[in-house]
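Quick look at structure.cif (mmCIF, C-alpha atoms):
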data_my_file
#
loop_
_atom_site.label_atom_id
_atom_site.label_comp_id
_atom_site.auth_asym_id
_atom_site.auth_seq_id
_atom_site.Cartn_x
_atom_site.Cartn_y
_atom_site.Cartn_z
CA MET A 1 -81.32 -141.52 176.27
CA GLN A 2 -83.82 -140.45 173.64
CA ILE A 3 -84.90 -142.35 170.53
CA LYS A 4 -86.41 -140.75 167.44
CA PHE A 5 -87.95 -142.96 164.75
CA LEU A 6 -86.74 -141.71 161.36
CA GLY A 7 -87.85 -144.73 159.33
CA ALA A 8 -89.28 -148.27 159.30
CA THR A 9 -92.55 -146.95 160.80
CA GLY A 10 -95.62 -148.09 158.91
CA THR A 11 -93.28 -149.63 156.34
CA VAL A 12 -90.58 -152.29 156.10
CA THR A 13 -88.08 -149.85 154.55
CA GLY A 14 -86.02 -146.78 155.44
CA SER A 15 -84.73 -148.18 158.73
CA LYS A 16 -83.21 -145.29 160.75
CA TYR A 17 -83.29 -144.53 164.48
CA LEU A 18 -81.69 -141.45 166.02
CA LEU A 19 -80.36 -142.02 169.54
CA THR A 20 -79.31 -139.08 171.71
CA SER A 21 -77.44 -139.45 175.00
CA GLY A 22 -75.58 -136.50 176.47
CA SER A 23 -73.46 -135.04 173.68
CA SER A 24 -73.73 -138.21 171.56
CA LYS A 25 -75.99 -138.54 168.54
CA ILE A 26 -76.01 -142.05 167.09
CA LEU A 27 -77.83 -143.33 164.02
CA LEU A 28 -78.88 -146.97 164.31
CA ASP A 29 -79.24 -148.16 160.70
CA CYS A 30 -79.19 -145.85 157.71
CA GLY A 31 -81.53 -147.33 155.11
CA LEU A 32 -83.29 -146.29 151.95
CA PHE A 33 -87.05 -145.94 151.69
CA GLN A 34 -88.53 -148.16 148.97
CA GLY A 35 -91.96 -148.90 147.54
CA TYR A 36 -94.62 -146.17 147.46
CA LYS A 37 -93.55 -142.90 145.84
CA GLN A 38 -94.38 -140.85 148.94
CA LEU A 39 -91.93 -143.05 150.86
CA ARG A 40 -89.21 -142.88 148.17
CA LEU A 41 -89.43 -139.09 148.17
CA ARG A 42 -88.19 -139.11 151.78
CA ASN A 43 -84.80 -140.23 150.45
CA TRP A 44 -84.41 -136.82 148.82
CA ARG A 45 -85.33 -134.80 151.93
CA ASP A 46 -82.92 -133.59 154.59
CA LEU A 47 -82.73 -135.61 157.79
CA PRO A 48 -83.97 -133.98 161.02
CA VAL A 49 -80.33 -133.97 162.15
CA HIS A 50 -77.42 -132.70 160.03
CA PRO A 51 -75.06 -135.58 159.17
CA SER A 52 -72.07 -133.60 160.52
CA GLU A 53 -73.69 -133.63 164.01
CA LEU A 54 -73.78 -137.43 164.18
CA THR A 55 -71.16 -139.14 166.33
CA ALA A 56 -71.44 -142.57 164.72
CA VAL A 57 -73.65 -145.04 162.85
CA VAL A 58 -74.30 -148.63 163.91
CA LEU A 59 -75.70 -151.05 161.29
CA THR A 60 -77.76 -154.16 161.94
CA HIS A 61 -77.05 -155.57 158.46
CA ALA A 62 -76.24 -154.82 154.84
CA HIS A 63 -79.61 -154.84 153.04
CA LEU A 64 -80.19 -151.49 151.37
CA ASP A 65 -83.30 -150.70 153.43
CA HIS A 66 -80.86 -150.66 156.38
CA SER A 67 -77.62 -149.38 154.81
CA GLY A 68 -78.44 -147.79 151.46
CA TYR A 69 -78.61 -144.16 152.66
CA LEU A 70 -74.99 -144.18 153.91
CA PRO A 71 -73.42 -142.76 150.70
CA LEU A 72 -75.75 -139.77 150.91
CA LEU A 73 -75.06 -139.35 154.64
CA VAL A 74 -71.30 -139.19 153.98
CA ARG A 75 -71.66 -136.93 150.95
CA ASN A 76 -73.74 -134.53 153.08
CA GLY A 77 -71.12 -134.20 155.83
CA PHE A 78 -70.94 -137.28 158.07
CA VAL A 79 -67.35 -137.93 159.24
CA GLY A 80 -67.82 -140.40 162.13
CA LYS A 81 -67.39 -144.16 162.22
CA ILE A 82 -69.82 -146.72 160.82
CA TYR A 83 -69.82 -149.79 163.08
CA CYS A 84 -71.04 -153.17 161.84
CA SER A 85 -70.13 -156.85 161.81
CA GLU A 86 -67.25 -158.08 159.66
CA ALA A 87 -69.51 -159.81 157.12
CA THR A 88 -71.75 -156.73 156.90
CA TYR A 89 -68.72 -154.62 155.98
CA GLU A 90 -67.72 -157.07 153.24
CA LEU A 91 -71.27 -157.12 151.92
CA CYS A 92 -71.55 -153.31 151.94
CA GLN A 93 -68.37 -153.21 149.85
CA ILE A 94 -70.42 -155.04 147.21
CA LEU A 95 -73.94 -153.66 147.73
CA LEU A 96 -73.34 -149.93 148.12
CA PRO A 97 -71.22 -149.34 144.98
CA ASP A 98 -73.67 -151.52 143.05
CA SER A 99 -76.56 -149.40 144.35
CA GLY A 100 -74.83 -146.20 143.23
CA HIS A 101 -73.99 -147.72 139.84
CA LEU A 102 -77.60 -148.84 139.29
CA GLN A 103 -78.94 -145.41 140.18
CA GLU A 104 -76.55 -143.77 137.70
CA GLU A 105 -77.48 -146.35 135.07
CA GLU A 106 -81.22 -145.85 135.57
CA ALA A 107 -80.88 -142.04 135.45
CA HIS A 108 -78.85 -142.34 132.24
CA TYR A 109 -81.43 -144.73 130.74
CA ALA A 110 -84.28 -142.39 131.69
CA ASN A 111 -82.52 -139.41 130.11
CA ARG A 112 -81.67 -141.34 126.95
CA HIS A 113 -85.25 -142.55 126.47
CA GLY A 114 -86.96 -139.42 127.80
CA PHE A 115 -89.46 -141.04 130.18
CA SER A 116 -88.48 -139.19 133.38
CA LYS A 117 -90.48 -136.17 134.59
CA HIS A 118 -87.16 -134.61 135.65
CA ASN A 119 -84.84 -132.97 133.16
CA PRO A 120 -82.30 -134.26 133.63
CA ALA A 121 -83.02 -137.29 135.81
CA LEU A 122 -80.35 -137.54 138.52
CA PRO A 123 -79.21 -140.44 140.70
CA LEU A 124 -79.76 -140.14 144.44
CA TYR A 125 -76.03 -140.81 144.74
CA THR A 126 -73.26 -142.19 142.55
CA GLU A 127 -70.98 -145.22 142.66
CA GLN A 128 -68.16 -142.88 143.70
CA ASP A 129 -70.27 -141.55 146.59
CA ALA A 130 -70.77 -145.14 147.73
CA ARG A 131 -67.06 -145.97 147.55
CA GLN A 132 -66.28 -142.83 149.53
CA SER A 133 -68.64 -143.95 152.32
CA LEU A 134 -66.75 -147.26 152.70
CA ARG A 135 -63.76 -145.34 154.12
CA PHE A 136 -65.73 -144.70 157.33
CA PHE A 137 -66.56 -148.33 158.14
CA SER A 138 -65.17 -149.88 161.32
CA PRO A 139 -66.08 -153.60 161.51
CA VAL A 140 -66.29 -155.32 164.91
CA LYS A 141 -66.55 -158.94 166.01
CA PHE A 142 -69.74 -160.53 167.28
CA GLY A 143 -69.93 -160.66 171.09
CA ALA A 144 -67.28 -157.97 171.74
CA ARG A 145 -68.57 -154.85 173.51
CA PHE A 146 -67.16 -151.65 172.02
CA SER A 147 -67.43 -147.88 172.57
CA VAL A 148 -69.62 -146.05 170.09
CA SER A 149 -69.16 -142.71 171.84
CA LYS A 150 -68.28 -141.28 175.27
CA GLU A 151 -71.73 -142.17 176.58
CA ILE A 152 -72.68 -145.30 174.61
CA THR A 153 -71.26 -148.81 174.28
CA ALA A 154 -72.61 -151.54 172.00
CA GLU A 155 -72.50 -155.26 171.34
CA LEU A 156 -73.49 -157.19 168.20
CA LEU A 157 -74.94 -160.70 168.30
CA PRO A 158 -75.93 -162.89 165.31
CA ALA A 159 -79.53 -162.32 164.16
CA GLY A 160 -79.61 -165.21 161.66
CA HIS A 161 -81.30 -163.15 158.91
CA ILE A 162 -78.42 -162.98 156.41
CA LEU A 163 -74.63 -163.10 156.65
CA GLY A 164 -73.49 -160.47 159.16
CA ALA A 165 -76.99 -159.61 160.37
CA ALA A 166 -76.88 -158.46 163.99
CA ILE A 167 -79.02 -157.89 167.03
CA VAL A 168 -77.62 -154.65 168.51
CA SER A 169 -77.50 -154.00 172.26
CA LEU A 170 -76.69 -150.39 173.27
CA ARG A 171 -75.89 -149.24 176.80
CA SER A 172 -75.85 -145.70 178.15
CA GLY A 173 -75.24 -145.46 181.90
CA ASP A 174 -77.59 -147.99 183.49
CA THR A 175 -80.01 -148.09 180.53
CA THR A 176 -79.91 -150.76 177.83
CA LEU A 177 -81.70 -150.55 174.47
CA THR A 178 -81.77 -153.56 172.15
CA PHE A 179 -82.64 -153.61 168.44
CA SER A 180 -83.67 -156.96 167.03
CA GLY A 181 -82.69 -155.89 163.52
CA ASP A 182 -84.26 -158.29 161.02
CA LEU A 183 -84.70 -161.60 162.83
CA GLY A 184 -83.98 -164.80 160.92
CA ARG A 185 -85.98 -168.02 160.98
CA LEU A 186 -85.62 -170.31 163.98
CA ASN A 187 -84.97 -173.39 161.82
CA ASP A 188 -83.62 -172.00 158.57
CA SER A 189 -82.00 -174.49 156.19
CA ILE A 190 -78.94 -172.26 155.75
CA MET A 191 -78.61 -169.57 158.43
CA VAL A 192 -78.09 -170.13 162.16
CA SER A 193 -80.92 -169.25 164.56
CA PRO A 194 -81.09 -165.74 166.07
CA SER A 195 -79.16 -165.25 169.32
CA LEU A 196 -81.31 -165.34 172.44
CA ILE A 197 -81.45 -162.23 174.63
CA GLU A 198 -82.11 -162.50 178.36
CA LYS A 199 -82.99 -158.93 179.25
CA THR A 200 -82.98 -155.31 178.18
CA ASP A 201 -84.62 -152.14 179.48
CA TYR A 202 -86.09 -151.22 176.10
CA LEU A 203 -86.59 -153.25 172.94
CA VAL A 204 -87.18 -152.33 169.29
CA VAL A 205 -88.44 -155.39 167.41
CA GLU A 206 -89.19 -155.90 163.74
CA SER A 207 -92.66 -157.00 162.56
CA THR A 208 -92.39 -157.78 158.83
CA TYR A 209 -94.54 -160.89 159.35
CA GLY A 210 -95.94 -159.76 162.69
CA ASN A 211 -99.55 -160.62 161.89
CA ARG A 212 -99.16 -164.03 160.22
CA CYS A 213 -97.26 -167.30 160.10
CA HIS A 214 -95.38 -168.77 157.19
CA ASP A 215 -97.09 -171.53 155.24
CA SER A 216 -96.21 -174.89 156.75
CA ALA A 217 -95.94 -176.46 153.29
CA ASP A 218 -92.48 -177.55 152.13
CA SER A 219 -91.08 -174.52 150.29
CA ALA A 220 -88.70 -176.72 148.27
CA GLN A 221 -91.62 -178.77 146.97
CA LEU A 222 -93.56 -175.62 146.08
CA LEU A 223 -90.53 -174.32 144.18
CA ALA A 224 -90.10 -177.63 142.36
CA LYS A 225 -93.78 -177.68 141.36
CA VAL A 226 -93.64 -174.17 139.85
CA ILE A 227 -90.42 -174.87 137.95
CA ARG A 228 -91.66 -178.27 136.62
CA GLU A 229 -95.05 -176.95 135.49
CA THR A 230 -93.49 -173.91 133.80
CA ALA A 231 -90.90 -176.03 132.01
CA SER A 232 -93.60 -178.45 130.84
CA ARG A 233 -95.36 -175.51 129.13
CA GLY A 234 -92.10 -174.62 127.40
CA GLY A 235 -91.85 -171.54 129.60
CA VAL A 236 -89.27 -169.55 131.53
CA THR A 237 -89.36 -169.15 135.32
CA VAL A 238 -88.16 -165.66 136.24
CA ILE A 239 -87.41 -165.24 139.96
CA PRO A 240 -86.85 -161.67 141.16
CA SER A 241 -84.51 -162.14 144.10
CA PHE A 242 -82.50 -160.18 146.62
CA ALA A 243 -78.87 -160.68 145.70
CA LEU A 244 -77.98 -161.15 149.33
CA GLY A 245 -79.47 -164.12 151.17
CA ARG A 246 -82.47 -165.02 149.02
CA ALA A 247 -80.46 -165.79 145.88
CA GLN A 248 -78.17 -168.14 147.80
CA SER A 249 -81.12 -169.93 149.45
CA LEU A 250 -82.71 -170.44 146.04
CA LEU A 251 -79.49 -171.78 144.55
CA TYR A 252 -78.99 -174.26 147.37
CA THR A 253 -82.62 -175.43 147.20
CA ILE A 254 -82.44 -175.84 143.40
CA HIS A 255 -79.22 -177.84 143.82
CA GLN A 256 -81.01 -180.18 146.23
CA LEU A 257 -84.01 -180.51 143.88
CA LYS A 258 -81.76 -181.48 140.99
CA VAL A 259 -79.91 -184.05 143.10
CA LYS A 260 -83.24 -185.61 144.15
CA GLY A 261 -84.56 -185.57 140.57
CA GLU A 262 -87.46 -183.27 141.46
CA ILE A 263 -86.65 -180.90 138.61
CA PRO A 264 -84.93 -181.80 135.33
CA ALA A 265 -81.19 -182.21 135.83
CA LEU A 266 -80.44 -180.52 132.50
CA LEU A 267 -82.78 -177.55 133.00
CA PRO A 268 -80.57 -174.43 132.62
CA ILE A 269 -80.34 -172.23 135.72
CA TYR A 270 -78.96 -168.69 135.41
CA LEU A 271 -77.92 -166.33 138.19
CA ASN A 272 -78.07 -162.93 136.53
CA SER A 273 -76.69 -160.62 139.18
CA PRO A 274 -72.98 -159.83 139.37
CA MET A 275 -73.57 -158.67 142.94
CA ALA A 276 -75.19 -162.00 143.91
CA ILE A 277 -72.26 -163.82 142.32
CA ASP A 278 -69.83 -161.87 144.50
CA VAL A 279 -71.97 -162.42 147.61
CA THR A 280 -72.18 -166.18 147.10
CA GLY A 281 -68.41 -166.47 147.53
CA LEU A 282 -68.60 -164.88 150.99
CA TYR A 283 -70.40 -167.93 152.36
CA ARG A 284 -67.11 -169.80 152.29
CA ARG A 285 -65.38 -167.11 154.38
CA HIS A 286 -68.11 -166.84 157.01
CA GLN A 287 -69.01 -170.49 157.60
CA HIS A 288 -69.59 -169.97 161.35
CA GLU A 289 -72.71 -167.92 160.49
CA HIS A 290 -74.51 -170.62 158.49
CA ARG A 291 -75.13 -174.37 158.44
CA LEU A 292 -73.58 -175.28 155.07
CA THR A 293 -70.40 -177.30 154.73
CA SER A 294 -67.63 -176.31 152.30
CA GLN A 295 -68.89 -178.96 149.87
CA GLN A 296 -72.45 -177.64 150.06
CA CYS A 297 -71.22 -174.09 149.46
CA GLN A 298 -69.37 -175.35 146.41
CA ALA A 299 -72.47 -177.12 145.10
CA MET A 300 -74.57 -174.00 145.67
CA CYS A 301 -72.11 -171.96 143.63
CA GLN A 302 -72.00 -174.45 140.75
CA VAL A 303 -75.69 -175.18 140.19
CA ALA A 304 -76.21 -172.06 138.05
CA LYS A 305 -74.45 -170.43 135.15
CA MET A 306 -73.24 -167.03 136.34
CA VAL A 307 -74.23 -164.15 134.06
CA ASN A 308 -71.71 -161.35 134.37
CA THR A 309 -71.96 -159.01 131.39
CA ALA A 310 -74.84 -156.91 130.08
CA GLU A 311 -74.44 -158.66 126.72
CA GLU A 312 -74.97 -162.07 128.32
CA SER A 313 -78.03 -160.72 130.13
CA ILE A 314 -79.53 -159.35 126.91
CA ALA A 315 -78.87 -162.66 125.14
CA LEU A 316 -81.00 -164.48 127.75
CA ASN A 317 -84.00 -162.44 126.66
CA GLN A 318 -83.69 -163.79 123.13
CA GLN A 319 -83.98 -167.41 124.24
CA ARG A 320 -87.34 -169.14 124.07
CA MET A 321 -86.66 -172.41 125.84
CA PRO A 322 -87.38 -173.65 129.37
CA MET A 323 -84.97 -172.21 131.91
CA VAL A 324 -84.83 -170.54 135.32
CA ILE A 325 -83.49 -166.99 135.68
CA ILE A 326 -82.72 -165.62 139.15
CA ALA A 327 -82.09 -161.88 138.95
CA ALA A 328 -82.09 -158.86 141.24
CA SER A 329 -84.03 -157.06 142.60
CA GLY A 330 -86.26 -159.04 144.95
CA MET A 331 -89.30 -156.75 144.70
CA ALA A 332 -88.74 -155.90 141.00
CA THR A 333 -87.88 -152.29 141.82
CA GLY A 334 -84.81 -152.09 139.58
CA GLY A 335 -81.84 -153.94 138.16
CA ARG A 336 -81.55 -156.57 135.45
CA VAL A 337 -84.77 -158.36 136.38
CA LEU A 338 -86.75 -155.47 134.85
CA HIS A 339 -85.37 -156.30 131.41
CA HIS A 340 -86.34 -159.95 131.89
CA LEU A 341 -89.85 -158.93 132.91
CA LYS A 342 -90.12 -156.84 129.74
CA ALA A 343 -89.05 -159.88 127.72
CA PHE A 344 -91.08 -162.63 129.43
CA ALA A 345 -94.06 -161.14 131.33
CA SER A 346 -96.35 -161.01 128.29
CA ASP A 347 -96.11 -164.76 127.48
CA ALA A 348 -98.62 -166.99 129.29
CA ARG A 349 -96.22 -169.96 129.20
CA ASN A 350 -93.85 -168.20 131.58
CA THR A 351 -93.96 -167.73 135.36
CA ILE A 352 -92.89 -164.79 137.50
CA LEU A 353 -92.11 -166.31 140.88
CA PHE A 354 -91.66 -164.13 143.99
CA ALA A 355 -89.76 -165.76 146.84
CA GLY A 356 -90.57 -163.74 149.92
CA TYR A 357 -92.08 -160.48 151.12
CA GLN A 358 -93.22 -157.76 148.71
CA ALA A 359 -93.46 -154.26 150.20
CA GLY A 360 -96.49 -152.14 149.36
CA GLY A 361 -96.00 -149.88 146.35
CA THR A 362 -93.48 -152.16 144.62
CA ARG A 363 -93.96 -153.87 141.25
CA GLY A 364 -93.77 -157.19 143.06
CA ALA A 365 -96.73 -156.32 145.29
CA ALA A 366 -98.73 -155.05 142.29
CA MET A 367 -98.14 -158.24 140.29
CA ILE A 368 -99.17 -160.45 143.21
CA GLU A 369 -102.34 -158.36 143.59
CA GLY A 370 -103.27 -159.23 139.99
CA VAL A 371 -102.59 -156.19 137.80
CA ASP A 372 -102.84 -156.87 134.07
CA ALA A 373 -99.86 -154.67 133.12
CA ILE A 374 -96.72 -153.35 134.79
CA LYS A 375 -94.94 -150.08 134.09
CA ILE A 376 -91.25 -150.51 133.30
CA HIS A 377 -89.01 -147.72 132.00
CA GLY A 378 -91.99 -145.51 131.20
CA GLN A 379 -93.97 -148.13 129.25
CA TYR A 380 -96.66 -150.61 130.23
CA VAL A 381 -95.89 -154.29 129.67
CA PRO A 382 -98.87 -156.71 129.50
CA LEU A 383 -98.77 -159.28 132.31
CA ARG A 384 -99.95 -162.61 130.91
CA ALA A 385 -97.39 -164.84 132.62
CA GLN A 386 -98.39 -166.83 135.68
CA VAL A 387 -97.54 -164.98 138.91
CA SER A 388 -96.71 -167.07 141.96
CA GLN A 389 -95.34 -166.39 145.43
CA ILE A 390 -93.64 -168.66 147.97
CA GLU A 391 -93.67 -166.56 151.13
CA ASN A 392 -92.13 -169.20 153.38
CA LEU A 393 -88.83 -168.84 151.52
CA SER A 394 -88.55 -165.57 153.44
CA ALA A 395 -85.51 -164.93 155.65
CA HIS A 396 -87.73 -163.15 158.21
CA ALA A 397 -89.12 -164.75 161.36
CA ASP A 398 -92.92 -164.95 161.32
CA ARG A 399 -95.27 -163.99 164.16
CA ASP A 400 -94.89 -167.21 166.14
CA GLU A 401 -91.12 -167.27 165.64
CA ILE A 402 -90.86 -163.68 166.91
CA LEU A 403 -93.01 -164.56 169.94
CA SER A 404 -90.84 -167.62 170.59
CA TRP A 405 -87.72 -165.44 170.49
CA LEU A 406 -89.31 -162.92 172.87
CA SER A 407 -90.36 -165.66 175.28
CA HIS A 408 -86.71 -166.32 176.16
CA PHE A 409 -86.38 -162.95 177.93
CA SER A 410 -86.02 -163.55 181.67
CA GLN A 411 -88.02 -160.39 182.40
CA PRO A 412 -90.14 -158.06 180.25
CA PRO A 413 -88.55 -154.88 178.89
CA LYS A 414 -89.93 -151.65 180.34
CA HIS A 415 -91.31 -150.99 176.87
CA THR A 416 -91.22 -152.66 173.47
CA PHE A 417 -91.41 -150.61 170.26
CA ILE A 418 -92.72 -152.47 167.20
CA THR A 419 -91.29 -151.26 163.89
CA HIS A 420 -90.28 -152.48 160.43
CA GLY A 421 -93.71 -153.66 159.36
CA GLU A 422 -96.72 -152.48 157.37
CA LEU A 423 -99.34 -151.05 159.73
CA ASP A 424 -101.45 -154.23 159.88
CA ALA A 425 -98.40 -156.39 160.60
CA ALA A 426 -96.99 -154.08 163.28
CA ASP A 427 -100.33 -153.69 165.03
CA GLY A 428 -100.96 -157.43 164.77
CA LEU A 429 -97.70 -158.14 166.59
CA ARG A 430 -98.54 -155.50 169.20
CA LYS A 431 -101.80 -157.31 169.98
CA SER A 432 -100.07 -160.69 170.15
CA ILE A 433 -97.35 -159.43 172.51
CA GLN A 434 -99.88 -157.77 174.80
CA GLU A 435 -102.24 -160.78 174.83
CA LYS A 436 -99.66 -163.57 175.15
CA LEU A 437 -96.75 -161.97 176.99
CA HIS A 438 -98.56 -159.06 178.70
CA TRP A 439 -95.70 -156.67 177.89
CA PRO A 440 -96.19 -152.91 177.52
CA CYS A 441 -95.63 -152.12 173.85
CA SER A 442 -96.55 -149.66 171.11
CA VAL A 443 -96.22 -148.97 167.39
CA PRO A 444 -94.34 -145.65 167.01
CA GLU A 445 -95.21 -142.98 164.45
CA TYR A 446 -92.81 -141.57 161.85
CA LEU A 447 -90.56 -138.92 163.51
CA GLU A 448 -91.93 -139.73 166.97
CA SER A 449 -89.48 -139.11 169.84
CA VAL A 450 -89.45 -141.01 173.15
CA GLU A 451 -87.42 -140.39 176.32
CA LEU A 452 -85.97 -143.60 177.76
CA SER A 453 -85.68 -143.23 181.52
#
Whole structure given in structure tokens:
Amino acid sequence: MQIKFLGATGTVTGSKYLLTSGSSKILLDCGLFQGYKQLRLRNWRDLPVHPSELTAVVLTHAHLDHSGYLPLLVRNGFVGKIYCSEATYELCQILLPDSGHLQEEEAHYANRHGFSKHNPALPLYTEQDARQSLRFFSPVKFGARFSVSKEITAELLPAGHILGAAIVSLRSGDTTLTFSGDLGRLNDSIMVSPSLIEKTDYLVVESTYGNRCHDSADSAQLLAKVIRETASRGGVTVIPSFALGRAQSLLYTIHQLKVKGEIPALLPIYLNSPMAIDVTGLYRRHQHEHRLTSQQCQAMCQVAKMVNTAEESIALNQQRMPMVIIAASGMATGGRVLHHLKAFASDARNTILFAGYQAGGTRGAAMIEGVDAIKIHGQYVPLRAQVSQIENLSAHADRDEILSWLSHFSQPPKHTFITHGELDAADGLRKSIQEKLHWPCSVPEYLESVELS
């Protein structure tokens, strides 16, 4: 078996791994690059393998940095099966068409207002491309080994990151290769803990927070403090949030804060993401993957007013009263949150609150670093609002949680590859694994190939 690293090297985005065994060519994950322009440009380049040559795709989970390239893969000739968990399939039915729609919308907006360098600006793929890709999905149950090809079998186990997130174990002959996917927190308030793995010949492990630990402070209290202080100034708290996972965690936490009287009971909360609204309902259908009861799911869904239409979204920007707006996307790279930032970022009474990791090159990372203006739709918007970040709301395991998960292996893998992290995070985890576990490990380069004996 051979593995080639087509993404998630030196970055937390663009997750793609090409596995070759005999006549089989398998793609593990098929994500979009995000953040820095030089990374985003990779989305427009041809893959090192033609999509028609691929036997199958196996997904760890539905986030776009792991699944968002699929519509392009299918449009360019892929005709195999896309294997994933049942919840991941349901989520991709929401996320992928939404991604295509947003890209069409942004291209149309750029052409109408003339701020793109391209004439005309084109979407990477369309909503129709995304819907076409859904025809190739083949969902499987957790814990059931299945054939991916003549040479390769696979098994998915819960990773605890978001609904449907999987640790993927692949077997070819006598060789096993395990992908951690994105590992969830060991004691998350909503999601179950990642499944423990006893052994594998080779391991690919994520390192988003590989060089640091989450703040031990109570994230709910930090959230309450930001919301209270902003409301007391007469301001608006705008929370850029991933529609899948992060939005639901925020809603549940805000519900708890209101019940305890830690934030004003009458403070309006808005969830401005049709996709997040759809996703929230899935928690009731996949209760075995999280810790919430039916009643808690109901409360989570009811704490916010759901904003469905563009007109309702625009109307929010005209309001000048204390409120909380949760809107996609989580790193302020696109979507409705950009219009809220244009409306509220220039007022010092307001707060822009980031709940989790911000990849390099994104607007979120720039705002946290202290820029005084942000470029949105070709124009610079002054940034006078308070900018805050609560990193321990992240759905990713931190360094110590990753090491704890690794410590349950009964024997070390022959080699561990550290991916899905900025360079300092990936190398930090490499040092920790070598010093504390004494495992052979490395941080692969982009397009590096390795033979697995």
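Across the model, the gap from atom CA of A:Thr176 to atom CA of A:Ile3 is 12.2 Å.
Atom CA of A:Tyr446 is positioned 6.1 Å from atom CA of A:Leu6.
Across A:Ala355, A:Val148, A:Leu196, A:Leu41, the tightest approach to A:Leu28 is made by A:Val148 when counting all atoms listed in the file.
Residues with at least one atom no more than 9 Å from (-95.4, -174.5, 128.1), using only C-alpha atoms, are Glu229, Thr230, Ala231, Ser232, Arg233, Gly234, Gly235, Val236, Pro322, Ala348, Arg349 and Asn350 of chain A.
Taken over the whole file, the PyMOL selection byres ((chain A and resi 44) around 12) covers exactly Leu32, Phe33, Lys37, Gln38, Leu39, Arg40, Leu41, Arg42, Asn43, Arg45, Asp46, Leu47, Tyr69, Leu72, Leu73, Asn76, Leu122, Pro123, Leu124 and Tyr125 of chain A.
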Selection above as a file: C-alpha atoms, as a PDB file, in the coordinates of the input:
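The new file result-v4.pdb reads:
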ATOM      1  CA  LEU A  32     -83.290-146.290 151.950  1.00  0.00           C
ATOM      2  CA  PHE A  33     -87.050-145.940 151.690  1.00  0.00           C
ATOM      3  CA  LYS A  37     -93.550-142.900 145.840  1.00  0.00           C
ATOM      4  CA  GLN A  38     -94.380-140.850 148.940  1.00  0.00           C
ATOM      5  CA  LEU A  39     -91.930-143.050 150.860  1.00  0.00           C
ATOM      6  CA  ARG A  40     -89.210-142.880 148.170  1.00  0.00           C
ATOM      7  CA  LEU A  41     -89.430-139.090 148.170  1.00  0.00           C
ATOM      8  CA  ARG A  42     -88.190-139.110 151.780  1.00  0.00           C
ATOM      9  CA  ASN A  43     -84.800-140.230 150.450  1.00  0.00           C
ATOM     10  CA  ARG A  45     -85.330-134.800 151.930  1.00  0.00           C
ATOM     11  CA  ASP A  46     -82.920-133.590 154.590  1.00  0.00           C
ATOM     12  CA  LEU A  47     -82.730-135.610 157.790  1.00  0.00           C
ATOM     13  CA  TYR A  69     -78.610-144.160 152.660  1.00  0.00           C
ATOM     14  CA  LEU A  72     -75.750-139.770 150.910  1.00  0.00           C
ATOM     15  CA  LEU A  73     -75.060-139.350 154.640  1.00  0.00           C
ATOM     16  CA  ASN A  76     -73.740-134.530 153.080  1.00  0.00           C
ATOM     17  CA  LEU A 122     -80.350-137.540 138.520  1.00  0.00           C
ATOM     18  CA  PRO A 123     -79.210-140.440 140.700  1.00  0.00           C
ATOM     19  CA  LEU A 124     -79.760-140.140 144.440  1.00  0.00           C
ATOM     20  CA  TYR A 125     -76.030-140.810 144.740  1.00  0.00           C
TER      21      TYR A 125
END
Closest of A:Glu206, A:Glu106, A:Glu311, A:Glu198 to A:Gly184, counting all atoms listed in the file, is A:Glu206
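Atom CA of A:Ile402 is positioned 7.7 Å from atom CA of A:Gly210.
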Expanded to explicit residues, what is the PyMOL selection byres ((chain A and resi 251) around 10) for this file, as a short mmCIF file (atom, residue, chain, number, x, y, z; two decimals) with C-alpha atoms, in the coordinates of the input?
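Contents of out_7.cif, freshly written:
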data_model
loop_
_atom_site.label_atom_id
_atom_site.label_comp_id
_atom_site.auth_asym_id
_atom_site.auth_seq_id
_atom_site.Cartn_x
_atom_site.Cartn_y
_atom_site.Cartn_z
CA ARG A 246 -82.47 -165.02 149.02
CA ALA A 247 -80.46 -165.79 145.88
CA GLN A 248 -78.17 -168.14 147.80
CA SER A 249 -81.12 -169.93 149.45
CA LEU A 250 -82.71 -170.44 146.04
CA TYR A 252 -78.99 -174.26 147.37
CA THR A 253 -82.62 -175.43 147.20
CA ILE A 254 -82.44 -175.84 143.40
CA HIS A 255 -79.22 -177.84 143.82
CA GLN A 256 -81.01 -180.18 146.23
CA LEU A 257 -84.01 -180.51 143.88
CA ILE A 269 -80.34 -172.23 135.72
CA TYR A 270 -78.96 -168.69 135.41
CA LEU A 271 -77.92 -166.33 138.19
CA THR A 280 -72.18 -166.18 147.10
CA CYS A 297 -71.22 -174.09 149.46
CA ALA A 299 -72.47 -177.12 145.10
CA MET A 300 -74.57 -174.00 145.67
CA CYS A 301 -72.11 -171.96 143.63
CA GLN A 302 -72.00 -174.45 140.75
CA VAL A 303 -75.69 -175.18 140.19
CA ALA A 304 -76.21 -172.06 138.05
CA ILE A 326 -82.72 -165.62 139.15
#
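The result of the PyMOL selection byres ((chain A and resi 306) around 8) on the shown file is Tyr270, Leu271, Asn272, Ser273, Pro274, Ile277, Ala304, Lys305, Val307 and Asn308 of chain A.
Closest approach to A:Ile197 among A:Gly100, A:Pro158, A:Pro139, A:Pro240 is made by A:Pro158 (distances from only C-alpha atoms).
Nearest to A:Gly334 of all the residues A:His377, A:Arg112, A:Lys150, A:Arg320 is A:His377, counting all atoms listed in the file.
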Using all atoms listed in the file, which protein or nucleic acid residues come within 8 Å of A:Phe137? Drop anything in the same chain fewer than 6 positions from it, and give the result as a ChimeraX atom specification. /A:81-84,89
